[in-house]
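Here is the file data.tsv (TSV, C-alpha atoms).
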```tsv
chain	number	residue	atom	x	y	z
A	1	MET	CA	44.86	-14.11	-64.81
A	2	PRO	CA	42.95	-15.40	-61.81
A	3	GLU	CA	44.80	-17.17	-59.03
A	4	GLY	CA	45.18	-20.92	-59.39
A	5	ARG	CA	42.74	-21.71	-56.59
A	6	TYR	CA	39.93	-19.87	-58.36
A	7	LYS	CA	40.13	-22.00	-61.48
A	8	SER	CA	38.47	-24.92	-59.71
A	9	ARG	CA	35.01	-25.87	-60.99
A	10	SER	CA	33.75	-26.46	-57.48
A	11	LEU	CA	33.36	-22.67	-57.35
A	12	ARG	CA	30.84	-20.92	-59.50
A	13	ARG	CA	31.47	-17.59	-61.22
A	14	VAL	CA	29.06	-14.71	-60.67
A	15	TYR	CA	29.54	-11.56	-62.72
A	16	THR	CA	28.59	-8.61	-60.52
A	17	LYS	CA	28.36	-4.94	-61.43
A	18	LEU	CA	29.97	-2.64	-58.88
A	19	PRO	CA	28.66	0.83	-57.97
A	20	GLY	CA	31.37	2.36	-60.14
A	21	SER	CA	29.81	0.58	-63.19
A	22	LYS	CA	32.69	-1.87	-63.36
A	23	VAL	CA	31.92	-5.58	-63.91
A	24	VAL	CA	33.86	-8.02	-61.82
A	25	VAL	CA	33.89	-11.80	-61.24
A	26	HIS	CA	32.92	-13.08	-57.80
A	27	TYR	CA	33.55	-16.71	-56.87
A	28	LYS	CA	30.89	-18.43	-54.74
A	29	LYS	CA	30.62	-21.91	-53.29
A	30	ARG	CA	28.05	-24.31	-54.73
A	31	LYS	CA	25.02	-25.71	-52.91
A	32	PRO	CA	24.78	-29.45	-52.24
A	33	SER	CA	22.68	-31.65	-54.52
A	34	LYS	CA	18.99	-32.51	-53.91
A	35	ALA	CA	18.02	-35.25	-51.49
A	36	VAL	CA	16.89	-38.57	-52.92
A	37	CYS	CA	14.63	-41.42	-51.71
A	38	ALA	CA	16.65	-44.20	-50.09
A	39	GLN	CA	14.72	-46.98	-51.89
A	40	CYS	CA	13.58	-45.79	-55.29
A	41	GLY	CA	15.91	-42.85	-55.88
A	42	ALA	CA	13.18	-40.31	-56.59
A	43	LEU	CA	13.77	-36.68	-55.66
A	44	LEU	CA	12.50	-35.91	-52.16
A	45	LYS	CA	10.18	-32.99	-51.54
A	46	GLY	CA	10.31	-30.78	-48.49
A	47	VAL	CA	14.06	-31.11	-47.98
A	48	PRO	CA	15.98	-27.88	-48.60
A	49	ARG	CA	19.42	-27.92	-50.11
A	50	GLU	CA	21.64	-25.54	-48.18
A	51	ARG	CA	25.21	-25.44	-46.98
A	52	PRO	CA	25.81	-26.86	-43.48
A	53	TYR	CA	26.03	-23.51	-41.69
A	54	LYS	CA	22.45	-22.69	-42.80
A	55	MET	CA	21.04	-26.14	-42.13
A	56	GLN	CA	22.34	-26.06	-38.57
A	57	ASN	CA	20.38	-22.91	-37.77
A	58	MET	CA	17.09	-24.08	-39.29
A	59	ALA	CA	14.34	-25.64	-37.21
A	60	LYS	CA	13.95	-29.41	-37.49
A	61	THR	CA	10.46	-29.10	-38.98
A	62	LYS	CA	11.78	-27.01	-41.85
A	63	LYS	CA	14.26	-29.61	-42.98
A	64	ARG	CA	11.93	-32.54	-43.60
A	65	PRO	CA	8.22	-33.40	-44.02
A	66	SER	CA	6.52	-34.21	-40.72
A	67	ARG	CA	5.43	-37.77	-41.39
A	68	PRO	CA	7.14	-41.08	-40.60
A	69	TYR	CA	10.25	-41.64	-42.74
A	70	GLY	CA	10.03	-38.02	-43.80
A	71	GLY	CA	13.21	-36.90	-45.49
A	72	PHE	CA	14.32	-40.51	-45.97
A	73	LEU	CA	11.66	-42.24	-48.09
A	74	CYS	CA	9.31	-40.77	-50.66
A	75	SER	CA	5.59	-40.95	-49.89
A	76	LYS	CA	5.04	-43.93	-52.25
A	77	CYS	CA	7.76	-46.03	-50.64
A	78	MET	CA	6.53	-45.11	-47.17
A	79	ARG	CA	3.02	-46.32	-47.93
A	80	ALA	CA	4.37	-49.55	-49.39
A	81	LYS	CA	6.47	-50.11	-46.28
A	82	LEU	CA	3.49	-49.68	-43.94
A	83	LYS	CA	1.44	-52.13	-45.99
A	84	GLU	CA	4.30	-54.62	-45.77
A	85	LYS	CA	4.24	-54.42	-41.99
A	86	ILE	CA	0.60	-55.55	-41.97
A	87	SER	CA	1.00	-58.39	-44.43
A	88	LYS	CA	4.06	-59.85	-42.64
A	89	PRO	CA	2.92	-62.85	-40.56
A	90	GLY	CA	3.96	-63.17	-36.93
A	91	LYS	CA	4.74	-59.49	-36.39
A	92	ASN	CA	2.52	-57.33	-34.22
A	93	VAL	CA	1.67	-54.07	-35.94
Q	94	MET	CA	-14.95	-53.35	-47.22
Q	95	PHE	CA	-14.92	-50.36	-44.89
Q	96	LYS	CA	-17.86	-51.01	-42.58
Q	97	ILE	CA	-18.57	-49.33	-39.27
Q	98	GLY	CA	-16.23	-50.76	-36.65
Q	99	ARG	CA	-13.48	-51.78	-39.03
Q	100	LEU	CA	-9.97	-51.46	-37.58
Q	101	CYS	CA	-7.65	-49.75	-40.03
Q	102	LEU	CA	-4.15	-48.40	-40.25
Q	103	LYS	CA	-3.60	-44.94	-41.62
Q	104	ILE	CA	-1.10	-44.98	-44.43
Q	105	ALA	CA	-0.76	-41.34	-45.43
Q	106	GLY	CA	-0.29	-38.07	-43.64
Q	107	ARG	CA	1.61	-37.01	-40.54
Q	108	ASP	CA	-0.38	-39.52	-38.49
Q	109	ALA	CA	0.57	-42.41	-40.75
Q	110	GLY	CA	1.16	-45.71	-38.97
Q	111	LEU	CA	-1.56	-45.07	-36.36
Q	112	LYS	CA	-4.61	-47.27	-35.83
Q	113	CYS	CA	-8.17	-46.07	-36.11
Q	114	LEU	CA	-11.80	-47.22	-36.20
Q	115	VAL	CA	-14.34	-46.48	-38.88
Q	116	VAL	CA	-17.10	-44.58	-37.10
Q	117	GLU	CA	-19.30	-43.57	-40.03
Q	118	VAL	CA	-19.40	-44.04	-43.80
Q	119	ILE	CA	-19.87	-40.71	-45.56
Q	120	ASP	CA	-19.38	-41.52	-49.23
Q	121	ASP	CA	-17.94	-44.00	-51.68
Q	122	ASN	CA	-14.59	-42.35	-51.11
Q	123	TYR	CA	-14.78	-40.83	-47.62
Q	124	VAL	CA	-15.11	-42.25	-44.12
Q	125	LEU	CA	-15.17	-40.83	-40.58
Q	126	ILE	CA	-12.35	-42.20	-38.43
Q	127	ASP	CA	-11.37	-41.96	-34.78
Q	128	GLY	CA	-8.87	-43.63	-32.50
Q	129	GLN	CA	-5.19	-42.89	-32.13
Q	130	THR	CA	-5.74	-40.21	-34.77
Q	131	ARG	CA	-8.00	-37.22	-34.45
Q	132	ARG	CA	-11.68	-37.51	-35.27
Q	133	ARG	CA	-11.98	-36.49	-38.91
Q	134	LYS	CA	-13.03	-37.64	-42.37
Q	135	CYS	CA	-10.49	-39.58	-44.37
Q	136	ASN	CA	-10.12	-40.88	-47.89
Q	137	ILE	CA	-10.41	-44.66	-48.26
Q	138	LYS	CA	-7.23	-44.67	-50.31
Q	139	HIS	CA	-5.31	-43.46	-47.25
Q	140	LEU	CA	-6.43	-46.39	-45.11
Q	141	GLU	CA	-5.31	-50.00	-45.02
Q	142	PRO	CA	-7.87	-52.34	-43.41
Q	143	LEU	CA	-6.80	-54.80	-40.72
Q	144	ASP	CA	-8.46	-58.14	-40.00
Q	145	LYS	CA	-10.66	-57.12	-37.07
Q	146	VAL	CA	-14.15	-55.64	-37.12
Q	147	LEU	CA	-15.34	-54.33	-33.74
Q	148	LYS	CA	-18.98	-54.10	-32.71
Q	149	VAL	CA	-19.61	-50.40	-32.55
Q	150	LYS	CA	-22.67	-48.24	-33.15
Q	151	LYS	CA	-22.77	-45.54	-35.74
Q	152	GLY	CA	-21.45	-42.20	-34.51
Q	153	VAL	CA	-19.65	-43.48	-31.42
Q	154	SER	CA	-18.19	-40.92	-29.05
Q	155	HIS	CA	-14.43	-40.48	-28.74
Q	156	SER	CA	-14.18	-41.91	-25.24
Q	157	ASP	CA	-16.09	-45.07	-26.23
Q	158	VAL	CA	-13.81	-45.59	-29.20
Q	159	LEU	CA	-10.77	-45.40	-26.92
Q	160	LYS	CA	-12.32	-48.00	-24.59
Q	161	GLU	CA	-12.86	-50.42	-27.45
Q	162	LEU	CA	-9.31	-49.96	-28.70
Q	163	ARG	CA	-7.84	-50.58	-25.26
Q	164	LYS	CA	-9.74	-53.88	-25.08
Q	165	GLU	CA	-8.03	-54.94	-28.27
Q	166	GLY	CA	-4.67	-54.01	-26.85
Q	167	VAL	CA	-4.06	-50.81	-28.79
Q	168	GLU	CA	-2.40	-48.20	-26.64
Q	169	VAL	CA	-3.96	-44.78	-26.83
Q	170	LYS	CA	-2.55	-41.70	-25.16
Q	171	GLU	CA	-5.06	-39.08	-24.21
Q	172	LYS	CA	-3.92	-35.50	-24.56
Q	173	ILE	CA	-4.21	-33.52	-21.37
Q	174	LYS	CA	-4.66	-29.78	-21.68
Q	175	ARG	CA	-1.98	-28.01	-19.70
Q	176	LYS	CA	-3.12	-25.28	-17.38
Q	177	LYS	CA	-0.89	-22.26	-17.06
Q	178	LYS	CA	0.79	-22.29	-13.66
Q	179	ALA	CA	0.51	-19.13	-11.60
Q	180	MET	CA	3.82	-17.36	-11.26
Q	181	PRO	CA	5.29	-17.84	-7.78
Q	182	LYS	CA	5.44	-14.66	-5.73
Q	183	ILE	CA	8.98	-13.42	-5.19
Q	184	GLU	CA	9.16	-12.02	-1.66
Q	185	GLU	CA	12.78	-12.68	-0.84
Q	186	LYS	CA	14.56	-10.24	-3.10
Q	187	PRO	CA	13.19	-7.00	-1.60
Q	188	LYS	CA	14.06	-8.26	1.89
Q	189	ALA	CA	17.67	-8.81	0.85
Q	190	LYS	CA	17.87	-5.28	-0.50
Q	191	GLU	CA	16.49	-3.90	2.75
Q	192	THR	CA	19.08	-5.76	4.78
Q	193	VAL	CA	21.90	-4.42	2.64
Q	194	LYS	CA	20.79	-0.82	2.96
Q	195	LYS	CA	20.28	-0.96	6.70
Q	196	GLN	CA	23.54	-2.73	7.31
Q	197	GLU	CA	25.68	-0.15	5.58
Q	198	ILE	CA	24.40	2.75	7.68
Q	199	PRO	CA	25.19	1.59	11.25
Q	200	LYS	CA	28.83	0.44	10.87
Q	201	PRO	CA	31.18	2.51	8.71
Q	202	LYS	CA	34.08	1.80	11.07
Q	203	LYS	CA	35.62	-1.20	9.30
Q	204	GLN	CA	37.42	-0.24	6.13
Q	205	GLU	CA	38.39	-3.59	4.63
Q	206	LYS	CA	36.81	-5.68	1.91
Q	207	PRO	CA	35.23	-7.98	4.49
Q	208	GLU	CA	33.60	-4.81	5.77
Q	209	LEU	CA	30.48	-5.39	3.76
Q	210	LYS	CA	30.40	-9.04	4.68
Q	211	LYS	CA	30.83	-8.26	8.34
Q	212	GLU	CA	28.32	-5.46	8.23
Q	213	ILE	CA	25.69	-7.63	6.68
Q	214	PRO	CA	25.83	-10.29	9.37
Q	215	ALA	CA	26.16	-7.68	12.09
Q	216	ALA	CA	23.03	-5.84	11.11
Q	217	LYS	CA	20.95	-8.96	10.77
Q	218	PRO	CA	20.88	-9.90	14.45
Q	219	LYS	CA	19.68	-6.39	15.21
Q	220	LYS	CA	16.57	-6.81	13.14
Q	221	ALA	CA	15.45	-10.12	14.57
Q	222	ASP	CA	17.22	-13.28	15.47
Q	223	LYS	CA	14.30	-15.33	14.28
Q	224	LYS	CA	14.67	-14.12	10.73
Q	225	THR	CA	18.34	-15.00	10.54
Q	226	LYS	CA	17.71	-18.37	12.08
Q	227	ALA	CA	14.71	-19.02	9.93
Q	228	LYS	CA	16.25	-17.99	6.61
Q	229	PRO	CA	19.99	-18.45	6.71
Q	230	LYS	CA	20.09	-20.44	3.51
Q	231	LYS	CA	18.10	-17.98	1.45
Q	232	THR	CA	20.19	-15.02	2.44
Q	233	SER	CA	23.39	-16.87	1.78
Q	234	ALA	CA	22.10	-17.92	-1.61
Q	235	LYS	CA	21.31	-14.33	-2.42
Q	236	LYS	CA	24.73	-13.25	-1.28
Q	237	ALA	CA	26.26	-15.93	-3.43
Q	238	GLU	CA	24.66	-14.31	-6.42
Q	239	LYS	CA	26.22	-11.02	-5.52
Q	240	LYS	CA	29.51	-12.44	-4.29
Q	241	THR	CA	31.31	-15.76	-4.60
Q	242	VAL	CA	30.04	-18.75	-2.66
Q	243	LYS	CA	33.28	-19.20	-0.76
Q	244	LYS	CA	33.03	-15.79	0.79
Q	245	ALA	CA	29.48	-16.41	1.96
Q	246	LYS	CA	30.46	-19.42	4.02
Q	247	PRO	CA	32.92	-17.65	6.34
Q	248	VAL	CA	30.32	-14.91	6.74
Q	249	LYS	CA	27.98	-17.35	8.41
Q	250	ALA	CA	30.69	-18.31	10.87
Q	251	LYS	CA	31.32	-14.70	11.74
Q	252	LYS	CA	27.67	-14.18	12.43
Q	253	THR	CA	27.59	-16.82	15.09
Q	254	VAL	CA	30.68	-15.37	16.73
Q	255	LYS	CA	29.35	-11.85	16.89
Q	256	LYS	CA	26.01	-12.68	18.39
Q	257	PRO	CA	27.28	-13.70	21.83
Q	258	LYS	CA	29.49	-10.59	21.99
Q	259	LYS	CA	26.51	-8.32	21.64
```
Could you rewrite the structure in this file as structure tokens?
Amino acid sequence: MPEGRYKSRSLRRVYTKLPGSKVVVHYKKRKPSKAVCAQCGALLKGVPRERPYKMQNMAKTKKRPSRPYGGFLCSKCMRAKLKEKISKPGKNV
Amino acid sequence: MFKIGRLCLKIAGRDAGLKCLVVEVIDDNYVLIDGQTRRRKCNIKHLEPLDKVLKVKKGVSHSDVLKELRKEGVEVKEKIKRKKKAMPKIEEKPKAKETVKKQEIPKPKKQEKPELKKEIPAAKPKKADKKTKAKPKKTSAKKAEKKTVKKAKPVKAKKTVKKPKK
């Protein structure tokens, strides 16, 4: 029987074959879920899903698209937002 | 809609949110733009026209476009190419090494830790007083790298004391 702490579903089971041709269960942590647009909820592209220790070591340009609101809004919502800025009266673009 | 001289805002791409002028009309779908963005062709769908139309000739140069934009009040930053700076010549380090070597030879009498410190200042006045006077800070800085800063300070005091003796 596995230990109690391994029964949690926050760990995933990976069956690995050892060099001695014995199959064994390895427990691995799960990755976080995919990033989502803040307005419409669509899946964002260009944002990797990795555990914190990997995200910390990545360069900033690899974690988001290099355009305004990249990694926060999807491209559709970003375009709509820029158009809004123009049409708003009294505000200097 | 998109005539020559039309002020637009770029909606798509990594330069989205920047203002530009229509310089030339290439196609039904494509247009040459310049301004805060780089000079390149752009799809009409990626541009949002603003109210103003500036009086500009077809195929305007980049510098003229920037002038027109500055009149309207649009800030444009011009990129300056950086020139590689020549590496500064390091002449001090070999001199420090020379002083250390020469100092150790003349005075092996003192057998304490301050020996080295005392030897270094002692040898310096022999070489030339001008050098020590001219570059006291540099030598002390170098010594600080080799030894702690606190030790370097008393060394300076000892130097001054020894000079009148000799």
ask   = Could you pull the residues within 12 Å of Pro2 in chain A, counting only C-alpha atoms, minus those fewer than 2 positions along the same chain, as a list in words?
value =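 Neighbouring residues, sequence-local ones excluded: Gly4, Arg5, Tyr6, Lys7, Ser8, Arg13, Val24, Val25, His26 and Tyr27 of chain A.
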request  = Please provide the set of residues having any atom within 8 Å of Val124 in chain Q, restricted to all atoms listed in the file, with same-chain residues fewer than 4 positions apart removed, written as an MDAnalysis selection string.
outcome  = chainID Q and resid 115:120 134:137
query = Closest to Pro65 in chain A among A:Ala42, A:Val47, A:Leu18, A:Met78, using all atoms listed in the file?
reply =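 Answer, going by the shortest atom-to-atom distance: A:Val47.
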Counting only C-alpha atoms, the residue of A:Glu84, A:Ser10, A:Lys54, A:Ser66 that sits nearest Ala109 in chain Q =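 The shortest atom-to-atom distance to Ala109 in chain Q comes from A:Ser66.
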ask   = If we count all atoms listed in the file, which residues of chain Q reach to within 7 Å of chain A? Please list them as a PyMOL selection string.
value = chain Q and resi 104-110
key: Point-to-point distance in Å for CA of Thr16 in chain A and CA of Met55 in chain A   = 26.5 Å
request  = Can you work out which one of Q:Leu125, Q:Leu159, Q:Lys178, Q:Ser154 has the shortest atom-to-atom distance to Leu140 in chain Q, counting all atoms listed in the file?
outcome  =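 The shortest atom-to-atom distance to Leu140 in chain Q comes from Q:Leu125.
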message = Report, in Å to a single decimal, how far apart CA of Lys151 in chain Q and CA of Arg163 in chain Q are.
response =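 Separation of CA of Arg163 in chain Q and CA of Lys151 in chain Q: 18.9 Å.
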Contacts of Cys101 in chain Q within 10 Å, all atoms listed in the file, excl. fewer than 6 positions in-chain, as a list in words = Phe95, Gly110, Leu111, Lys112, Cys113, Leu114, Val115, Ile126, Gly128, His139, Leu140, Glu141, Pro142, Leu143, Asp144, Lys145 and Val146 of chain Q
message = Counting all atoms listed in the file, I want the residues whose atoms come within 10 Å of (-11.5, -39.9, -26.1) in the file frame, returned as a ChimeraX atom specification.
response = /Q:127-129,131-132,154-160,169-172
query = Mind pulling up the distance from CA of Glu3 in chain A to CA of Glu50 in chain A?
reply =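 Going from CA of Glu50 in chain A over to CA of Glu3 in chain A covers 26.9 Å.
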Could you model all heavy atoms for range 13-24 of chain A and present them as a PDB file, in the frame of the given file?
```pdb
ATOM      1  N   ARG A  13      31.117 -18.983 -60.926  1.00  0.00           N
ATOM      2  CA  ARG A  13      31.470 -17.590 -61.220  1.00  0.00           C
ATOM      3  C   ARG A  13      30.202 -16.764 -61.324  1.00  0.00           C
ATOM      4  O   ARG A  13      29.260 -17.131 -62.014  1.00  0.00           O
ATOM      5  CB  ARG A  13      32.218 -17.482 -62.564  1.00  0.00           C
ATOM      6  CG  ARG A  13      33.587 -18.098 -62.553  1.00  0.00           C
ATOM      7  CD  ARG A  13      33.604 -19.358 -63.417  1.00  0.00           C
ATOM      8  NE  ARG A  13      34.594 -20.316 -62.986  1.00  0.00           N
ATOM      9  CZ  ARG A  13      35.781 -20.429 -63.551  1.00  0.00           C
ATOM     10  NH1 ARG A  13      36.119 -19.670 -64.574  1.00  0.00           N
ATOM     11  NH2 ARG A  13      36.614 -21.322 -63.098  1.00  0.00           N
ATOM     12  N   VAL A  14      30.209 -15.626 -60.651  1.00  0.00           N
ATOM     13  CA  VAL A  14      29.060 -14.710 -60.670  1.00  0.00           C
ATOM     14  C   VAL A  14      29.598 -13.359 -61.112  1.00  0.00           C
ATOM     15  O   VAL A  14      30.462 -12.788 -60.437  1.00  0.00           O
ATOM     16  CB  VAL A  14      28.413 -14.607 -59.286  1.00  0.00           C
ATOM     17  CG1 VAL A  14      27.251 -13.629 -59.318  1.00  0.00           C
ATOM     18  CG2 VAL A  14      27.942 -15.964 -58.812  1.00  0.00           C
ATOM     19  N   TYR A  15      29.098 -12.878 -62.239  1.00  0.00           N
ATOM     20  CA  TYR A  15      29.540 -11.560 -62.720  1.00  0.00           C
ATOM     21  C   TYR A  15      28.696 -10.502 -62.044  1.00  0.00           C
ATOM     22  O   TYR A  15      27.472 -10.474 -62.201  1.00  0.00           O
ATOM     23  CB  TYR A  15      29.404 -11.491 -64.236  1.00  0.00           C
ATOM     24  CG  TYR A  15      30.495 -12.273 -64.923  1.00  0.00           C
ATOM     25  CD1 TYR A  15      30.310 -13.610 -65.257  1.00  0.00           C
ATOM     26  CD2 TYR A  15      31.719 -11.680 -65.238  1.00  0.00           C
ATOM     27  CE1 TYR A  15      31.319 -14.333 -65.862  1.00  0.00           C
ATOM     28  CE2 TYR A  15      32.729 -12.399 -65.839  1.00  0.00           C
ATOM     29  CZ  TYR A  15      32.521 -13.734 -66.153  1.00  0.00           C
ATOM     30  OH  TYR A  15      33.522 -14.451 -66.750  1.00  0.00           O
ATOM     31  N   THR A  16      29.326  -9.645 -61.249  1.00  0.00           N
ATOM     32  CA  THR A  16      28.590  -8.610 -60.520  1.00  0.00           C
ATOM     33  C   THR A  16      29.042  -7.226 -60.980  1.00  0.00           C
ATOM     34  O   THR A  16      30.229  -7.015 -61.271  1.00  0.00           O
ATOM     35  CB  THR A  16      28.838  -8.722 -59.011  1.00  0.00           C
ATOM     36  OG1 THR A  16      30.244  -8.900 -58.792  1.00  0.00           O
ATOM     37  CG2 THR A  16      28.095  -9.882 -58.419  1.00  0.00           C
ATOM     38  N   LYS A  17      28.070  -6.314 -61.016  1.00  0.00           N
ATOM     39  CA  LYS A  17      28.360  -4.940 -61.430  1.00  0.00           C
ATOM     40  C   LYS A  17      28.522  -4.104 -60.175  1.00  0.00           C
ATOM     41  O   LYS A  17      27.637  -4.040 -59.328  1.00  0.00           O
ATOM     42  CB  LYS A  17      27.207  -4.412 -62.273  1.00  0.00           C
ATOM     43  CG  LYS A  17      27.515  -3.123 -62.997  1.00  0.00           C
ATOM     44  CD  LYS A  17      26.441  -2.842 -64.016  1.00  0.00           C
ATOM     45  CE  LYS A  17      26.743  -1.575 -64.759  1.00  0.00           C
ATOM     46  NZ  LYS A  17      25.700  -1.259 -65.756  1.00  0.00           N
ATOM     47  N   LEU A  18      29.685  -3.435 -60.072  1.00  0.00           N
ATOM     48  CA  LEU A  18      29.970  -2.640 -58.880  1.00  0.00           C
ATOM     49  C   LEU A  18      29.357  -1.255 -59.003  1.00  0.00           C
ATOM     50  O   LEU A  18      28.979  -0.840 -60.114  1.00  0.00           O
ATOM     51  CB  LEU A  18      31.493  -2.538 -58.707  1.00  0.00           C
ATOM     52  CG  LEU A  18      32.234  -3.860 -58.514  1.00  0.00           C
ATOM     53  CD1 LEU A  18      33.712  -3.611 -58.343  1.00  0.00           C
ATOM     54  CD2 LEU A  18      31.682  -4.617 -57.318  1.00  0.00           C
ATOM     55  N   PRO A  19      29.249  -0.517 -57.899  1.00  0.00           N
ATOM     56  CA  PRO A  19      28.660   0.830 -57.970  1.00  0.00           C
ATOM     57  C   PRO A  19      29.375   1.757 -58.936  1.00  0.00           C
ATOM     58  O   PRO A  19      28.777   2.649 -59.506  1.00  0.00           O
ATOM     59  CB  PRO A  19      28.752   1.344 -56.533  1.00  0.00           C
ATOM     60  CG  PRO A  19      29.055   0.201 -55.684  1.00  0.00           C
ATOM     61  CD  PRO A  19      29.457  -0.946 -56.510  1.00  0.00           C
ATOM     62  N   GLY A  20      30.667   1.518 -59.183  1.00  0.00           N
ATOM     63  CA  GLY A  20      31.370   2.360 -60.140  1.00  0.00           C
ATOM     64  C   GLY A  20      31.212   1.915 -61.569  1.00  0.00           C
ATOM     65  O   GLY A  20      32.052   2.235 -62.415  1.00  0.00           O
ATOM     66  N   SER A  21      30.149   1.107 -61.855  1.00  0.00           N
ATOM     67  CA  SER A  21      29.810   0.580 -63.190  1.00  0.00           C
ATOM     68  C   SER A  21      30.954  -0.243 -63.769  1.00  0.00           C
ATOM     69  O   SER A  21      31.216  -0.246 -64.961  1.00  0.00           O
ATOM     70  CB  SER A  21      29.402   1.719 -64.136  1.00  0.00           C
ATOM     71  OG  SER A  21      30.491   2.552 -64.418  1.00  0.00           O
ATOM     72  N   LYS A  22      31.631  -0.942 -62.921  1.00  0.00           N
ATOM     73  CA  LYS A  22      32.690  -1.870 -63.360  1.00  0.00           C
ATOM     74  C   LYS A  22      32.188  -3.275 -63.105  1.00  0.00           C
ATOM     75  O   LYS A  22      31.601  -3.567 -62.066  1.00  0.00           O
ATOM     76  CB  LYS A  22      33.947  -1.577 -62.533  1.00  0.00           C
ATOM     77  CG  LYS A  22      35.141  -2.433 -62.903  1.00  0.00           C
ATOM     78  CD  LYS A  22      36.322  -2.103 -61.976  1.00  0.00           C
ATOM     79  CE  LYS A  22      37.433  -3.084 -62.185  1.00  0.00           C
ATOM     80  NZ  LYS A  22      38.519  -2.908 -61.213  1.00  0.00           N
ATOM     81  N   VAL A  23      32.384  -4.199 -64.047  1.00  0.00           N
ATOM     82  CA  VAL A  23      31.920  -5.580 -63.910  1.00  0.00           C
ATOM     83  C   VAL A  23      33.082  -6.440 -63.451  1.00  0.00           C
ATOM     84  O   VAL A  23      34.189  -6.341 -63.989  1.00  0.00           O
ATOM     85  CB  VAL A  23      31.348  -6.110 -65.237  1.00  0.00           C
ATOM     86  CG1 VAL A  23      30.931  -7.562 -65.099  1.00  0.00           C
ATOM     87  CG2 VAL A  23      30.152  -5.272 -65.646  1.00  0.00           C
ATOM     88  N   VAL A  24      32.788  -7.288 -62.488  1.00  0.00           N
ATOM     89  CA  VAL A  24      33.860  -8.020 -61.820  1.00  0.00           C
ATOM     90  C   VAL A  24      33.368  -9.448 -61.555  1.00  0.00           C
ATOM     91  O   VAL A  24      32.173  -9.692 -61.395  1.00  0.00           O
ATOM     92  CB  VAL A  24      34.193  -7.279 -60.504  1.00  0.00           C
ATOM     93  CG1 VAL A  24      34.456  -8.240 -59.381  1.00  0.00           C
ATOM     94  CG2 VAL A  24      35.356  -6.339 -60.682  1.00  0.00           C
TER      95      VAL A  24
END
```
